[in-house]
Structure formats: C-alpha cells, structure tokens
Amino acid sequence: MKIHRNSSLKKFNTFNVDELAQLIIEIDNISDLPNILSNKKDEILVLGGGSNILFTKPYNGLIINLKNKGKKIIQEDENTVLVEVSAGENWHEFVLWAIKNNFGGLENLSLIPGNLGAAPIQNIGAYGVELKDIFYSCKGLMLDTLSEFEFKKTECKFDYRTSIFKSTLKNKTVITSVKLILTKSKHNFNIDYKDLNINLQDTELSVKKISDEVIKIRTSKLPNPKFFGNCGSFFKNPIVNSDTYKSLLDKFPNIPAHKIDEDNYKISAAWLIDQSGFKNKKDKNVGVYENQPLVIINNGKATGKELLNFALNIKETIYNNFEIELEEEVIIM
Ligand SMILES: Cc1cc2nc3c(=O)[nH]c(=O)nc-3n(C[C@H](O)[C@H](O)[C@H](O)COP(=O)(O)OP(=O)(O)OC[C@H]3O[C@@H](n4cnc5c(N)ncnc54)[C@H](O)[C@@H]3O)c2cc1C
C-alpha cells in the first residue's frame, strides 16, 4: 500500500492535468479495502489508469488507486477458457498475454489504455467489438455497505460506451476483478471495420494478425499520452432516430452515419467536429489532434478547466450547426 497526501494527480491521469489530490491510496492487496473504506467518511473515487477522466479542480476526497495483480484460468473446455483478471492489471498487457496464448476475443481491443477494473464502466469498444462480447461477470464491493457483489453480463446493462456503473451505480462500486470468456479455437474474427477489412480481407486470419493490424492503425491515428495528454475520444458518436437522420441527410448529404437498428443511426462525431471548423484547431495549450478530431489534446501546460472549456465550445458549436447534443465519453470531475 502507498499513501500520497496533497499530491499532484499529474502522473495519475493521461490528460496529464496537474490538479491536487488530498489523499491517494494505492492498493495492491484488496483485502485492505474493507478496512480503508470503513474508516473513511469522505467522498471516494476509484481510479484506474486515469485514461478516461478529466480533473477540472482539486479532488478533496479519497482516491483509491487499485494496483492488484493476477490472472487465472478458472474454467476450460474444448473451445473456450474463462479467465479471471484482477482490476489493477493493465488492459493491453492482458490482451498481449491472451494473444500469446492464441486466445480469441480481445484482438480488436488491443492497445486501449487503462486497467481491467475500468473496462466494464464504459463497456470499452473498438473496431466493431465491445467488452460485452466477451464479458462473463465482475466482482467487487459496494462502497457504502461494503457488501460483496458479482454481477453477470445482463445485470451490468451494457450499451454503447456505458453500463450500470455509469448510470444507477455511478461512483457506488469498486470492481476488484473481471471474468472474461475467450475462445481457444473456432475464433469469431471480426474485421467488418473498414480499415481492418482493407488490409486483412485476403489473408488467413489469426488473433495475432488482427491484433498487430489494430495496433498499427491505432498507433498511426491516436496520440500517445506520453507526448500529448489525452483521453482518446472526448465525445461519443451521437445516436439519432431515423426522422432526425433523414432531415440531417437532406441538409448535409455527405453526413457519415451507421444504421444500428430500424429506428436509430449513429452519426460520426469526428465528422461533425471537422465540419464545424475544428480541424487542427488550437487554443493556447489545448487543441484537436491532427489525425483524429474526436481527440482533444493537452499541449503540455493545459489545466483541466481549459480542456473542459475547449470541449464545451466544440459541443456548443455542434449544437448550433446541427442541433445535435454531443455527450462526453470522458468522465468530468
Ligand atoms: C489514447 C487513448 C485511446 C483510447 N481508446 C479507447 C477505445 O478505443 N475505446 C474505449 O472504449 N476507450 C478508449 N479510451 C478510453 C480509456 O482507455 C478507457 O475508457 C479505459 O477503460 C479507462 O481505463 P482506466 O483504468 O484508465 O480508467 P480511469 O480513467 O481511471 O477511470 C474511468 C472511470 O472508471 C471508474 N473506475 C476505474 N476503475 C474502477 C474500478 N476498479 N471500480 C469501479 N470504478 C472504476 C473511475 O471512477 C472513472 O469513473 C482511450 C483512451 C486513450 C488515452
């Protein structure tokens, strides 16, 4: 266990924002959790790798930073393995372990920053695959009663970049481990996503090949937080009903959209941002990333407030131009 008092949050968030935290406790043994939680009256924030959170002011409560490690196969049959992974494990390192063992299901989710414990919070997703596609359950503690839980997939209410942990149970739980079902054979490869399809369609697929391709594409499109502080996509792609989509299409014939069901379309937030004049836009310490307009970057010295104001300006402009309200994917604190 490591305790930091009145310490900078800079190395605890990938936006590299330098806000103060009253108390951060790094925990590697989850058996310490009940004791720590039962002695605290303050507000509590559970933090993983800090890659989906924007601190806009000092945090005056207790920050629990889970560092618990470990993964084990707890069940296995001819075609699948059920793996339980500790919340403090790094997501991408776990993906690489799975790829090395030729376990399928995670390859499209390669190189997403952050830890296992946060993956269910927003049902992480990339290149046509979401956590829910391989999720079995997650274990943890309720922060108020300290009672233990194990939520199965349906109880987590996963949807596009959200779950019960971002709605009714927001800031009410600490997830300590996650169980995932991976394939050993008969893998369900998904290369529907355009960039993946172009490069892989005529090749013999493998989990390693898809993972390598995803890593290549992501490295070329997304900024490394070590050099440009960021949290990946700042906004979700907005979902509109078919009537709204039709009237948008009348006004903007090139608007990119993806039909998700009979009534709903997902619109490209990157396109809306680009069309609203934010391509390569910079404002002092803050900017839009040149290769991906959905990513807002800290050029080094930005405060959380500056980053937030820049994002709010984008949001307002999009609303004025398209009457579409963008929703933040990043958690604002
Ligand atoms: C360059 C870049 C690319 C990205 N690409 C993607 C992408 O392709 N797809 C995608 O979905 N996301 C992406 N993200 C966002 C981010 O990586 C994910 O949301 C990730 O799951 C966040 O993990 P974390 O450990 O950093 O969570 P944090 O940022 O530490 O926390 C995020 C939220 O989860 C809560 N939380 C964290 N751990 C726990 C826990 N153990 N128990 C309870 N609550 C917890 C926190 O309180 C907070 O509300 C990207 C981010 C970056 C910087």
# chains A, B, ... in the order shown; residues from 1 in each chain; ligands from 1

call {"tool": "residues_near_ligand", "arguments": {"ligand": "ligand 1", "cutoff": "6 Å", "atoms": "only C-alpha atoms and all ligand atoms", "output": "PyMOL selection string"}}
result
chain A and resi 14+45-53+87+112-115+117-119+121+124-126+173-176+222-224+230-232+331

call {"tool": "write_last_selection", "arguments": {"atoms": "N, CA and C atoms", "output": "compact mmCIF listing (two decimals), in the first residue's frame"}}
result
# COMPACT_ATOMS: atom_id res chain seq x y z
N THR A 14 -4.09 10.48 -17.86
CA THR A 14 -3.40 10.57 -19.16
C THR A 14 -3.65 11.91 -19.87
N LEU A 45 -13.30 8.21 -4.80
CA LEU A 45 -13.19 8.00 -6.24
C LEU A 45 -12.27 6.81 -6.48
N VAL A 46 -12.75 5.84 -7.25
CA VAL A 46 -11.88 4.72 -7.62
C VAL A 46 -11.22 5.08 -8.95
N LEU A 47 -9.91 4.99 -8.98
CA LEU A 47 -9.17 5.39 -10.18
C LEU A 47 -8.35 4.21 -10.69
N GLY A 48 -8.38 4.02 -12.01
CA GLY A 48 -7.52 3.00 -12.62
C GLY A 48 -6.32 3.69 -13.23
N GLY A 49 -6.20 3.62 -14.56
CA GLY A 49 -5.06 4.26 -15.23
C GLY A 49 -5.30 5.74 -15.52
N GLY A 50 -6.47 6.27 -15.18
CA GLY A 50 -6.75 7.69 -15.40
C GLY A 50 -6.84 8.05 -16.88
N SER A 51 -7.23 7.10 -17.73
CA SER A 51 -7.25 7.38 -19.17
C SER A 51 -8.65 7.71 -19.70
N ASN A 52 -9.61 7.90 -18.77
CA ASN A 52 -10.94 8.31 -19.23
C ASN A 52 -11.54 9.31 -18.25
N ILE A 53 -10.70 10.17 -17.69
CA ILE A 53 -11.17 11.09 -16.64
C ILE A 53 -10.46 12.43 -16.78
N ALA A 87 -8.44 -6.31 -11.13
CA ALA A 87 -8.78 -4.97 -11.64
C ALA A 87 -7.55 -4.10 -11.93
N ILE A 112 -5.85 -0.42 -26.07
CA ILE A 112 -6.69 0.54 -25.33
C ILE A 112 -6.01 0.77 -23.98
N PRO A 113 -5.76 2.03 -23.61
CA PRO A 113 -5.10 2.28 -22.32
C PRO A 113 -6.01 1.93 -21.14
N GLY A 114 -5.45 1.95 -19.96
CA GLY A 114 -6.26 1.75 -18.75
C GLY A 114 -6.16 0.35 -18.19
N ASN A 115 -6.95 0.12 -17.16
CA ASN A 115 -6.89 -1.14 -16.40
C ASN A 115 -8.14 -1.98 -16.57
N GLY A 117 -10.17 -3.14 -14.34
CA GLY A 117 -11.30 -2.76 -13.48
C GLY A 117 -12.19 -1.71 -14.09
N ALA A 118 -11.63 -0.90 -14.99
CA ALA A 118 -12.42 0.17 -15.61
C ALA A 118 -13.11 -0.28 -16.88
N ALA A 119 -12.67 -1.41 -17.44
CA ALA A 119 -13.21 -1.83 -18.75
C ALA A 119 -14.73 -1.97 -18.75
N ILE A 121 -16.85 -0.26 -16.97
CA ILE A 121 -17.52 1.01 -16.65
C ILE A 121 -18.16 1.59 -17.91
N ILE A 124 -15.84 -0.84 -22.79
CA ILE A 124 -14.87 -0.36 -23.80
C ILE A 124 -15.10 -1.07 -25.14
N GLY A 125 -14.81 -0.34 -26.19
CA GLY A 125 -15.05 -0.90 -27.51
C GLY A 125 -14.14 -0.29 -28.55
N ALA A 126 -13.87 -1.08 -29.59
CA ALA A 126 -13.07 -0.58 -30.71
C ALA A 126 -13.19 -1.55 -31.87
N THR A 173 -19.41 1.71 -6.63
CA THR A 173 -18.78 0.39 -6.51
C THR A 173 -17.26 0.49 -6.68
N VAL A 174 -16.59 -0.55 -6.18
CA VAL A 174 -15.19 -0.75 -6.59
C VAL A 174 -15.14 -2.16 -7.19
N ILE A 175 -14.79 -2.21 -8.46
CA ILE A 175 -14.67 -3.51 -9.14
C ILE A 175 -13.27 -4.05 -8.85
N THR A 176 -13.20 -5.29 -8.36
CA THR A 176 -11.89 -5.83 -7.98
C THR A 176 -11.36 -6.87 -8.97
N LEU A 222 -3.88 7.69 -33.27
CA LEU A 222 -4.12 8.25 -31.93
C LEU A 222 -2.85 8.76 -31.29
N PRO A 223 -2.94 9.86 -30.56
CA PRO A 223 -1.73 10.41 -29.94
C PRO A 223 -1.32 9.60 -28.71
N ASN A 224 -0.02 9.47 -28.51
CA ASN A 224 0.49 8.79 -27.31
C ASN A 224 0.42 9.78 -26.15
N ASN A 230 -4.08 13.14 -23.34
CA ASN A 230 -5.42 12.98 -23.93
C ASN A 230 -6.12 11.80 -23.30
N CYS A 231 -7.40 11.67 -23.57
CA CYS A 231 -8.18 10.53 -23.06
C CYS A 231 -8.88 9.80 -24.19
N GLY A 232 -8.27 9.78 -25.38
CA GLY A 232 -8.94 9.16 -26.52
C GLY A 232 -10.14 10.01 -26.94
N ILE A 331 -15.12 11.03 -18.28
CA ILE A 331 -15.74 11.42 -17.01
C ILE A 331 -15.16 12.77 -16.58

call {"tool": "residues_around", "arguments": {"residues": "Lys67 of chain A", "least_positions_apart": "5", "cutoff": "8 Å", "atoms": "only C-alpha atoms", "output": "list in words"}}
result
Glu26, Ile27, Asp28, Asn29, Ala87, Gly88 and Glu89 of chain A

call {"tool": "closest_residue", "arguments": {"among": "A:Ile239, A:Val288, A:Ile318, A:Val214", "to": "Tyr265 of chain A", "atoms": "only C-alpha atoms"}}
result
A:Ile239

call {"tool": "atom_distance", "arguments": {"atom1": "atom CA of Asn299 of chain A", "atom2": "atom CA of Phe228 of chain A"}}
result
5.8 Å

call {"tool": "atom_distance", "arguments": {"atom1": "atom CA of Leu307 of chain A", "atom2": "atom CA of Leu131 of chain A"}}
result
28.0 Å

call {"tool": "closest_atom_pairs", "arguments": {"of": "segment 49-90 of chain A", "to": "segment 4-12 of chain A", "cutoff": "12 Å", "atoms": "only C-alpha atoms", "output": "CSV"}}
result
residue,atom,partner,partner_atom,distance
A:Gly49,CA,A:Phe12,CA,6.6
A:Gly50,CA,A:Phe12,CA,5.6
A:Ser51,CA,A:Phe12,CA,8.6
A:Asn52,CA,A:Phe12,CA,11.0
A:Ile53,CA,A:Phe12,CA,9.9
A:Leu54,CA,A:Leu9,CA,10.6
A:Phe55,CA,A:Leu9,CA,8.5
A:Thr56,CA,A:Leu9,CA,11.1
A:Lys57,CA,A:Leu9,CA,10.5
A:Pro58,CA,A:Leu9,CA,8.8
A:Tyr59,CA,A:Leu9,CA,9.0
A:Asn60,CA,A:Asn6,CA,9.1
A:Gly61,CA,A:Asn6,CA,10.8
A:Leu62,CA,A:Arg5,CA,9.8
A:Ile63,CA,A:His4,CA,9.6
A:Ile64,CA,A:His4,CA,10.7
A:Asn65,CA,A:Phe12,CA,8.8
A:Leu66,CA,A:Phe12,CA,11.5

call {"tool": "write_last_selection", "arguments": {"atoms": "N, CA and C atoms", "output": "PDB file, in the first residue's frame"}}
result
ATOM      1  N   GLY A  49      -6.197   3.625 -14.555  1.00  0.00           N
ATOM      2  CA  GLY A  49      -5.065   4.263 -15.231  1.00  0.00           C
ATOM      3  C   GLY A  49      -5.300   5.736 -15.523  1.00  0.00           C
ATOM      4  N   GLY A  50      -6.465   6.265 -15.177  1.00  0.00           N
ATOM      5  CA  GLY A  50      -6.747   7.693 -15.399  1.00  0.00           C
ATOM      6  C   GLY A  50      -6.836   8.054 -16.877  1.00  0.00           C
ATOM      7  N   SER A  51      -7.228   7.098 -17.728  1.00  0.00           N
ATOM      8  CA  SER A  51      -7.250   7.384 -19.167  1.00  0.00           C
ATOM      9  C   SER A  51      -8.647   7.708 -19.697  1.00  0.00           C
ATOM     10  N   ASN A  52      -9.606   7.899 -18.770  1.00  0.00           N
ATOM     11  CA  ASN A  52     -10.942   8.311 -19.230  1.00  0.00           C
ATOM     12  C   ASN A  52     -11.545   9.309 -18.251  1.00  0.00           C
ATOM     13  N   ILE A  53     -10.695  10.172 -17.688  1.00  0.00           N
ATOM     14  CA  ILE A  53     -11.169  11.085 -16.640  1.00  0.00           C
ATOM     15  C   ILE A  53     -10.458  12.433 -16.783  1.00  0.00           C
ATOM     16  N   LEU A  54     -11.243  13.514 -16.629  1.00  0.00           N
ATOM     17  CA  LEU A  54     -10.660  14.856 -16.712  1.00  0.00           C
ATOM     18  C   LEU A  54     -10.872  15.559 -15.377  1.00  0.00           C
ATOM     19  N   PHE A  55      -9.777  15.840 -14.679  1.00  0.00           N
ATOM     20  CA  PHE A  55      -9.864  16.565 -13.399  1.00  0.00           C
ATOM     21  C   PHE A  55      -9.873  18.063 -13.702  1.00  0.00           C
ATOM     22  N   THR A  56     -10.941  18.749 -13.275  1.00  0.00           N
ATOM     23  CA  THR A  56     -11.042  20.184 -13.552  1.00  0.00           C
ATOM     24  C   THR A  56     -10.854  21.016 -12.281  1.00  0.00           C
ATOM     25  N   LYS A  57     -10.677  20.339 -11.151  1.00  0.00           N
ATOM     26  CA  LYS A  57     -10.437  21.043  -9.878  1.00  0.00           C
ATOM     27  C   LYS A  57      -9.735  20.082  -8.913  1.00  0.00           C
ATOM     28  N   PRO A  58      -9.238  20.602  -7.789  1.00  0.00           N
ATOM     29  CA  PRO A  58      -8.598  19.698  -6.820  1.00  0.00           C
ATOM     30  C   PRO A  58      -9.614  18.673  -6.323  1.00  0.00           C
ATOM     31  N   TYR A  59      -9.131  17.461  -6.023  1.00  0.00           N
ATOM     32  CA  TYR A  59     -10.041  16.438  -5.510  1.00  0.00           C
ATOM     33  C   TYR A  59      -9.855  16.322  -4.003  1.00  0.00           C
ATOM     34  N   ASN A  60     -10.920  16.612  -3.259  1.00  0.00           N
ATOM     35  CA  ASN A  60     -10.773  16.691  -1.799  1.00  0.00           C
ATOM     36  C   ASN A  60     -11.211  15.446  -1.034  1.00  0.00           C
ATOM     37  N   GLY A  61     -11.561  14.408  -1.747  1.00  0.00           N
ATOM     38  CA  GLY A  61     -11.939  13.166  -1.070  1.00  0.00           C
ATOM     39  C   GLY A  61     -10.792  12.167  -1.078  1.00  0.00           C
ATOM     40  N   LEU A  62     -11.167  10.891  -0.996  1.00  0.00           N
ATOM     41  CA  LEU A  62     -10.175   9.810  -1.027  1.00  0.00           C
ATOM     42  C   LEU A  62     -10.154   9.180  -2.419  1.00  0.00           C
ATOM     43  N   ILE A  63      -8.958   9.068  -2.996  1.00  0.00           N
ATOM     44  CA  ILE A  63      -8.823   8.365  -4.271  1.00  0.00           C
ATOM     45  C   ILE A  63      -8.218   6.988  -4.006  1.00  0.00           C
ATOM     46  N   ILE A  64      -8.948   5.954  -4.424  1.00  0.00           N
ATOM     47  CA  ILE A  64      -8.446   4.582  -4.315  1.00  0.00           C
ATOM     48  C   ILE A  64      -7.886   4.205  -5.677  1.00  0.00           C
ATOM     49  N   ASN A  65      -6.591   3.933  -5.732  1.00  0.00           N
ATOM     50  CA  ASN A  65      -5.966   3.552  -6.995  1.00  0.00           C
ATOM     51  C   ASN A  65      -5.588   2.067  -6.916  1.00  0.00           C
ATOM     52  N   LEU A  66      -6.412   1.242  -7.610  1.00  0.00           N
ATOM     53  CA  LEU A  66      -6.206  -0.210  -7.490  1.00  0.00           C
ATOM     54  C   LEU A  66      -5.000  -0.692  -8.295  1.00  0.00           C
TER      55      LEU A  66
END

call {"tool": "closest_residue", "arguments": {"among": "A:Tyr136, A:Phe15, A:Phe235, A:Phe94", "to": "Lys153 of chain A", "atoms": "only C-alpha atoms"}}
result
A:Tyr136

call {"tool": "residues_around", "arguments": {"residues": "Ala311 of chain A", "least_positions_apart": "3", "cutoff": "8 Å", "atoms": "only C-alpha atoms", "output": "mmCIF file with N, CA, C and O atoms, in the first residue's frame"}}
result
data_model
loop_
_atom_site.group_PDB
_atom_site.id
_atom_site.type_symbol
_atom_site.label_atom_id
_atom_site.label_comp_id
_atom_site.auth_asym_id
_atom_site.auth_seq_id
_atom_site.Cartn_x
_atom_site.Cartn_y
_atom_site.Cartn_z
ATOM 1 N N PHE A 234 -13.151 12.210 -26.911
ATOM 2 C CA PHE A 234 -13.728 13.008 -25.824
ATOM 3 C C PHE A 234 -15.244 12.842 -25.791
ATOM 4 O O PHE A 234 -15.864 12.832 -24.738
ATOM 5 N N ILE A 296 -9.182 15.399 -27.994
ATOM 6 C CA ILE A 296 -8.713 16.720 -27.545
ATOM 7 C C ILE A 296 -7.389 16.505 -26.815
ATOM 8 O O ILE A 296 -7.260 15.583 -26.002
ATOM 9 N N LEU A 307 -9.155 22.566 -20.768
ATOM 10 C CA LEU A 307 -9.556 21.437 -21.625
ATOM 11 C C LEU A 307 -11.083 21.338 -21.681
ATOM 12 O O LEU A 307 -11.674 21.157 -22.747
ATOM 13 N N LEU A 308 -11.709 21.505 -20.518
ATOM 14 C CA LEU A 308 -13.174 21.408 -20.473
ATOM 15 C C LEU A 308 -13.826 22.532 -21.284
ATOM 16 O O LEU A 308 -14.755 22.297 -22.064
ATOM 17 N N ILE A 314 -16.686 23.221 -28.446
ATOM 18 C CA ILE A 314 -16.985 22.291 -29.556
ATOM 19 C C ILE A 314 -18.459 21.862 -29.467
ATOM 20 O O ILE A 314 -19.206 21.896 -30.444
ATOM 21 N N LYS A 315 -18.863 21.506 -28.250
ATOM 22 C CA LYS A 315 -20.222 20.985 -28.040
ATOM 23 C C LYS A 315 -21.279 22.024 -28.450
ATOM 24 O O LYS A 315 -22.253 21.709 -29.134
#

call {"tool": "atom_distance", "arguments": {"atom1": "atom CA of Asn264 of chain A", "atom2": "atom CA of Glu325 of chain A"}}
result
15.4 Å

call {"tool": "select_by_dssp", "arguments": {"residues": "segment 175-218 of chain A", "states": "strand (DSSP E or B)", "output": "mmCIF file with all heavy atoms, in the first residue's frame"}}
result
data_model
loop_
_atom_site.group_PDB
_atom_site.id
_atom_site.type_symbol
_atom_site.label_atom_id
_atom_site.label_comp_id
_atom_site.auth_asym_id
_atom_site.auth_seq_id
_atom_site.Cartn_x
_atom_site.Cartn_y
_atom_site.Cartn_z
ATOM 1 N N ILE A 175 -14.787 -2.213 -8.460
ATOM 2 C CA ILE A 175 -14.667 -3.511 -9.140
ATOM 3 C C ILE A 175 -13.269 -4.049 -8.850
ATOM 4 O O ILE A 175 -12.272 -3.347 -9.056
ATOM 5 C CB ILE A 175 -14.901 -3.345 -10.663
ATOM 6 C CG1 ILE A 175 -16.358 -2.955 -10.922
ATOM 7 C CG2 ILE A 175 -14.540 -4.620 -11.424
ATOM 8 C CD1 ILE A 175 -16.679 -2.578 -12.348
ATOM 9 N N THR A 176 -13.204 -5.285 -8.360
ATOM 10 C CA THR A 176 -11.886 -5.828 -7.979
ATOM 11 C C THR A 176 -11.360 -6.869 -8.966
ATOM 12 O O THR A 176 -10.162 -7.111 -9.027
ATOM 13 C CB THR A 176 -11.944 -6.428 -6.555
ATOM 14 O OG1 THR A 176 -13.036 -7.358 -6.510
ATOM 15 C CG2 THR A 176 -12.149 -5.350 -5.511
ATOM 16 N N SER A 177 -12.273 -7.502 -9.712
ATOM 17 C CA SER A 177 -11.811 -8.426 -10.763
ATOM 18 C C SER A 177 -12.886 -8.596 -11.820
ATOM 19 O O SER A 177 -14.069 -8.303 -11.582
ATOM 20 C CB SER A 177 -11.425 -9.784 -10.186
ATOM 21 O OG SER A 177 -12.580 -10.488 -9.792
ATOM 22 N N VAL A 178 -12.451 -9.069 -12.985
ATOM 23 C CA VAL A 178 -13.356 -9.226 -14.130
ATOM 24 C C VAL A 178 -13.147 -10.629 -14.704
ATOM 25 O O VAL A 178 -12.012 -11.095 -14.808
ATOM 26 C CB VAL A 178 -13.023 -8.158 -15.216
ATOM 27 C CG1 VAL A 178 -13.907 -8.326 -16.436
ATOM 28 C CG2 VAL A 178 -13.164 -6.747 -14.658
ATOM 29 N N LYS A 179 -14.259 -11.303 -15.058
ATOM 30 C CA LYS A 179 -14.149 -12.619 -15.698
ATOM 31 C C LYS A 179 -14.559 -12.494 -17.170
ATOM 32 O O LYS A 179 -15.616 -11.935 -17.476
ATOM 33 C CB LYS A 179 -15.073 -13.634 -15.018
ATOM 34 C CG LYS A 179 -14.623 -14.046 -13.632
ATOM 35 C CD LYS A 179 -15.568 -15.097 -13.071
ATOM 36 C CE LYS A 179 -15.292 -15.330 -11.602
ATOM 37 N NZ LYS A 179 -16.374 -16.101 -10.945
ATOM 38 N N LEU A 180 -13.721 -13.045 -18.045
ATOM 39 C CA LEU A 180 -13.974 -12.962 -19.483
ATOM 40 C C LEU A 180 -13.936 -14.361 -20.096
ATOM 41 O O LEU A 180 -13.138 -15.210 -19.657
ATOM 42 C CB LEU A 180 -12.898 -12.092 -20.152
ATOM 43 C CG LEU A 180 -12.775 -10.653 -19.631
ATOM 44 C CD1 LEU A 180 -11.558 -9.971 -20.244
ATOM 45 C CD2 LEU A 180 -14.028 -9.840 -19.934
ATOM 46 N N ILE A 181 -14.781 -14.584 -21.115
ATOM 47 C CA ILE A 181 -14.758 -15.866 -21.826
ATOM 48 C C ILE A 181 -14.029 -15.667 -23.156
ATOM 49 O O ILE A 181 -14.471 -14.860 -23.987
ATOM 50 C CB ILE A 181 -16.177 -16.377 -22.145
ATOM 51 C CG1 ILE A 181 -17.011 -16.456 -20.873
ATOM 52 C CG2 ILE A 181 -16.124 -17.743 -22.829
ATOM 53 C CD1 ILE A 181 -18.436 -16.873 -21.125
ATOM 54 N N LEU A 182 -12.948 -16.386 -23.333
ATOM 55 C CA LEU A 182 -12.158 -16.261 -24.562
ATOM 56 C C LEU A 182 -12.181 -17.589 -25.327
ATOM 57 O O LEU A 182 -12.371 -18.645 -24.720
ATOM 58 C CB LEU A 182 -10.711 -15.875 -24.215
ATOM 59 C CG LEU A 182 -10.569 -14.626 -23.323
ATOM 60 C CD1 LEU A 182 -9.114 -14.388 -22.950
ATOM 61 C CD2 LEU A 182 -11.146 -13.398 -24.028
ATOM 62 N N THR A 183 -11.969 -17.489 -26.641
ATOM 63 C CA THR A 183 -12.002 -18.729 -27.436
ATOM 64 C C THR A 183 -10.595 -19.316 -27.564
ATOM 65 O O THR A 183 -9.604 -18.583 -27.663
ATOM 66 C CB THR A 183 -12.568 -18.455 -28.848
ATOM 67 O OG1 THR A 183 -11.887 -17.316 -29.408
ATOM 68 C CG2 THR A 183 -14.049 -18.152 -28.802
#

call {"tool": "closest_atom_pairs", "arguments": {"of": "segment 111-214 of chain A", "to": "segment 30-42 of chain A", "cutoff": "9 Å", "atoms": "only C-alpha atoms", "output": "tab-separated table"}}
result
residue	atom	partner	partner_atom	distance
A:Leu141	CA	A:Pro34	CA	8.5
A:Leu143	CA	A:Leu37	CA	7.1
A:Asp144	CA	A:Leu37	CA	8.4
A:Thr145	CA	A:Ser38	CA	8.8
A:Leu146	CA	A:Pro34	CA	6.5
A:Thr176	CA	A:Ile30	CA	7.3

call {"tool": "residues_around", "arguments": {"residues": "Val95 of chain A", "least_positions_apart": "3", "cutoff": "7 Å", "atoms": "only C-alpha atoms", "output": "tab-separated table (two decimals) with all heavy atoms, in the first residue's frame"}}
result
chain	number	residue	atom	x	y	z
A	91	TRP	N	-4.80	-3.21	-19.14
A	91	TRP	CA	-5.63	-3.84	-20.18
A	91	TRP	C	-4.78	-4.41	-21.32
A	91	TRP	O	-4.89	-5.58	-21.70
A	91	TRP	CB	-6.67	-2.85	-20.72
A	91	TRP	CG	-7.45	-3.44	-21.85
A	91	TRP	CD1	-7.21	-3.30	-23.18
A	91	TRP	CD2	-8.55	-4.35	-21.73
A	91	TRP	NE1	-8.10	-4.06	-23.91
A	91	TRP	CE2	-8.93	-4.71	-23.04
A	91	TRP	CE3	-9.26	-4.90	-20.65
A	91	TRP	CZ2	-9.98	-5.59	-23.31
A	91	TRP	CZ3	-10.31	-5.77	-20.91
A	91	TRP	CH2	-10.65	-6.11	-22.22
A	92	HIS	N	-3.92	-3.57	-21.90
A	92	HIS	CA	-3.20	-4.02	-23.10
A	92	HIS	C	-2.21	-5.15	-22.79
A	92	HIS	O	-2.03	-6.07	-23.60
A	92	HIS	CB	-2.49	-2.84	-23.79
A	92	HIS	CG	-1.81	-3.23	-25.06
A	92	HIS	ND1	-2.48	-3.81	-26.13
A	92	HIS	CD2	-0.49	-3.19	-25.42
A	92	HIS	CE1	-1.62	-4.08	-27.10
A	92	HIS	NE2	-0.41	-3.72	-26.70
A	98	ALA	N	-3.16	-12.75	-23.78
A	98	ALA	CA	-4.17	-13.59	-24.45
A	98	ALA	C	-3.72	-13.94	-25.87
A	98	ALA	O	-3.83	-15.08	-26.30
A	98	ALA	CB	-5.52	-12.86	-24.48
A	99	ILE	N	-3.18	-12.94	-26.57
A	99	ILE	CA	-2.74	-13.16	-27.95
A	99	ILE	C	-1.62	-14.21	-27.97
A	99	ILE	O	-1.60	-15.11	-28.80
A	99	ILE	CB	-2.21	-11.83	-28.58
A	99	ILE	CG1	-3.25	-10.70	-28.51
A	99	ILE	CG2	-1.69	-12.05	-30.01
A	99	ILE	CD1	-4.47	-10.84	-29.34
A	106	LEU	N	-10.16	-10.71	-27.83
A	106	LEU	CA	-9.64	-9.42	-27.37
A	106	LEU	C	-8.87	-8.67	-28.47
A	106	LEU	O	-8.51	-7.51	-28.27
A	106	LEU	CB	-8.68	-9.63	-26.19
A	106	LEU	CG	-9.31	-10.17	-24.90
A	106	LEU	CD1	-8.23	-10.70	-23.98
A	106	LEU	CD2	-10.10	-9.07	-24.22
A	110	SER	N	-7.06	-4.34	-28.79
A	110	SER	CA	-5.64	-4.12	-28.49
A	110	SER	C	-5.34	-2.64	-28.32
A	110	SER	O	-5.97	-1.80	-28.97
A	110	SER	CB	-4.77	-4.66	-29.64
A	110	SER	OG	-4.99	-6.03	-29.84

call {"tool": "closest_residue", "arguments": {"among": "A:Asn254, A:Asn199, A:Ser268, A:Ser276", "to": "Ser233 of chain A", "atoms": "only C-alpha atoms"}}
result
A:Ser268

call {"tool": "closest_residue", "arguments": {"among": "A:Thr317, A:Val17, A:Leu249, A:Leu111", "to": "Val286 of chain A", "atoms": "only C-alpha atoms"}}
result
A:Val17

call {"tool": "select_by_dssp", "arguments": {"residues": "segment 116-197 of chain A", "states": "alpha helix (DSSP H)", "output": "JSON, numbers by chain"}}
result
{"A": [194, 195, 196, 197]}
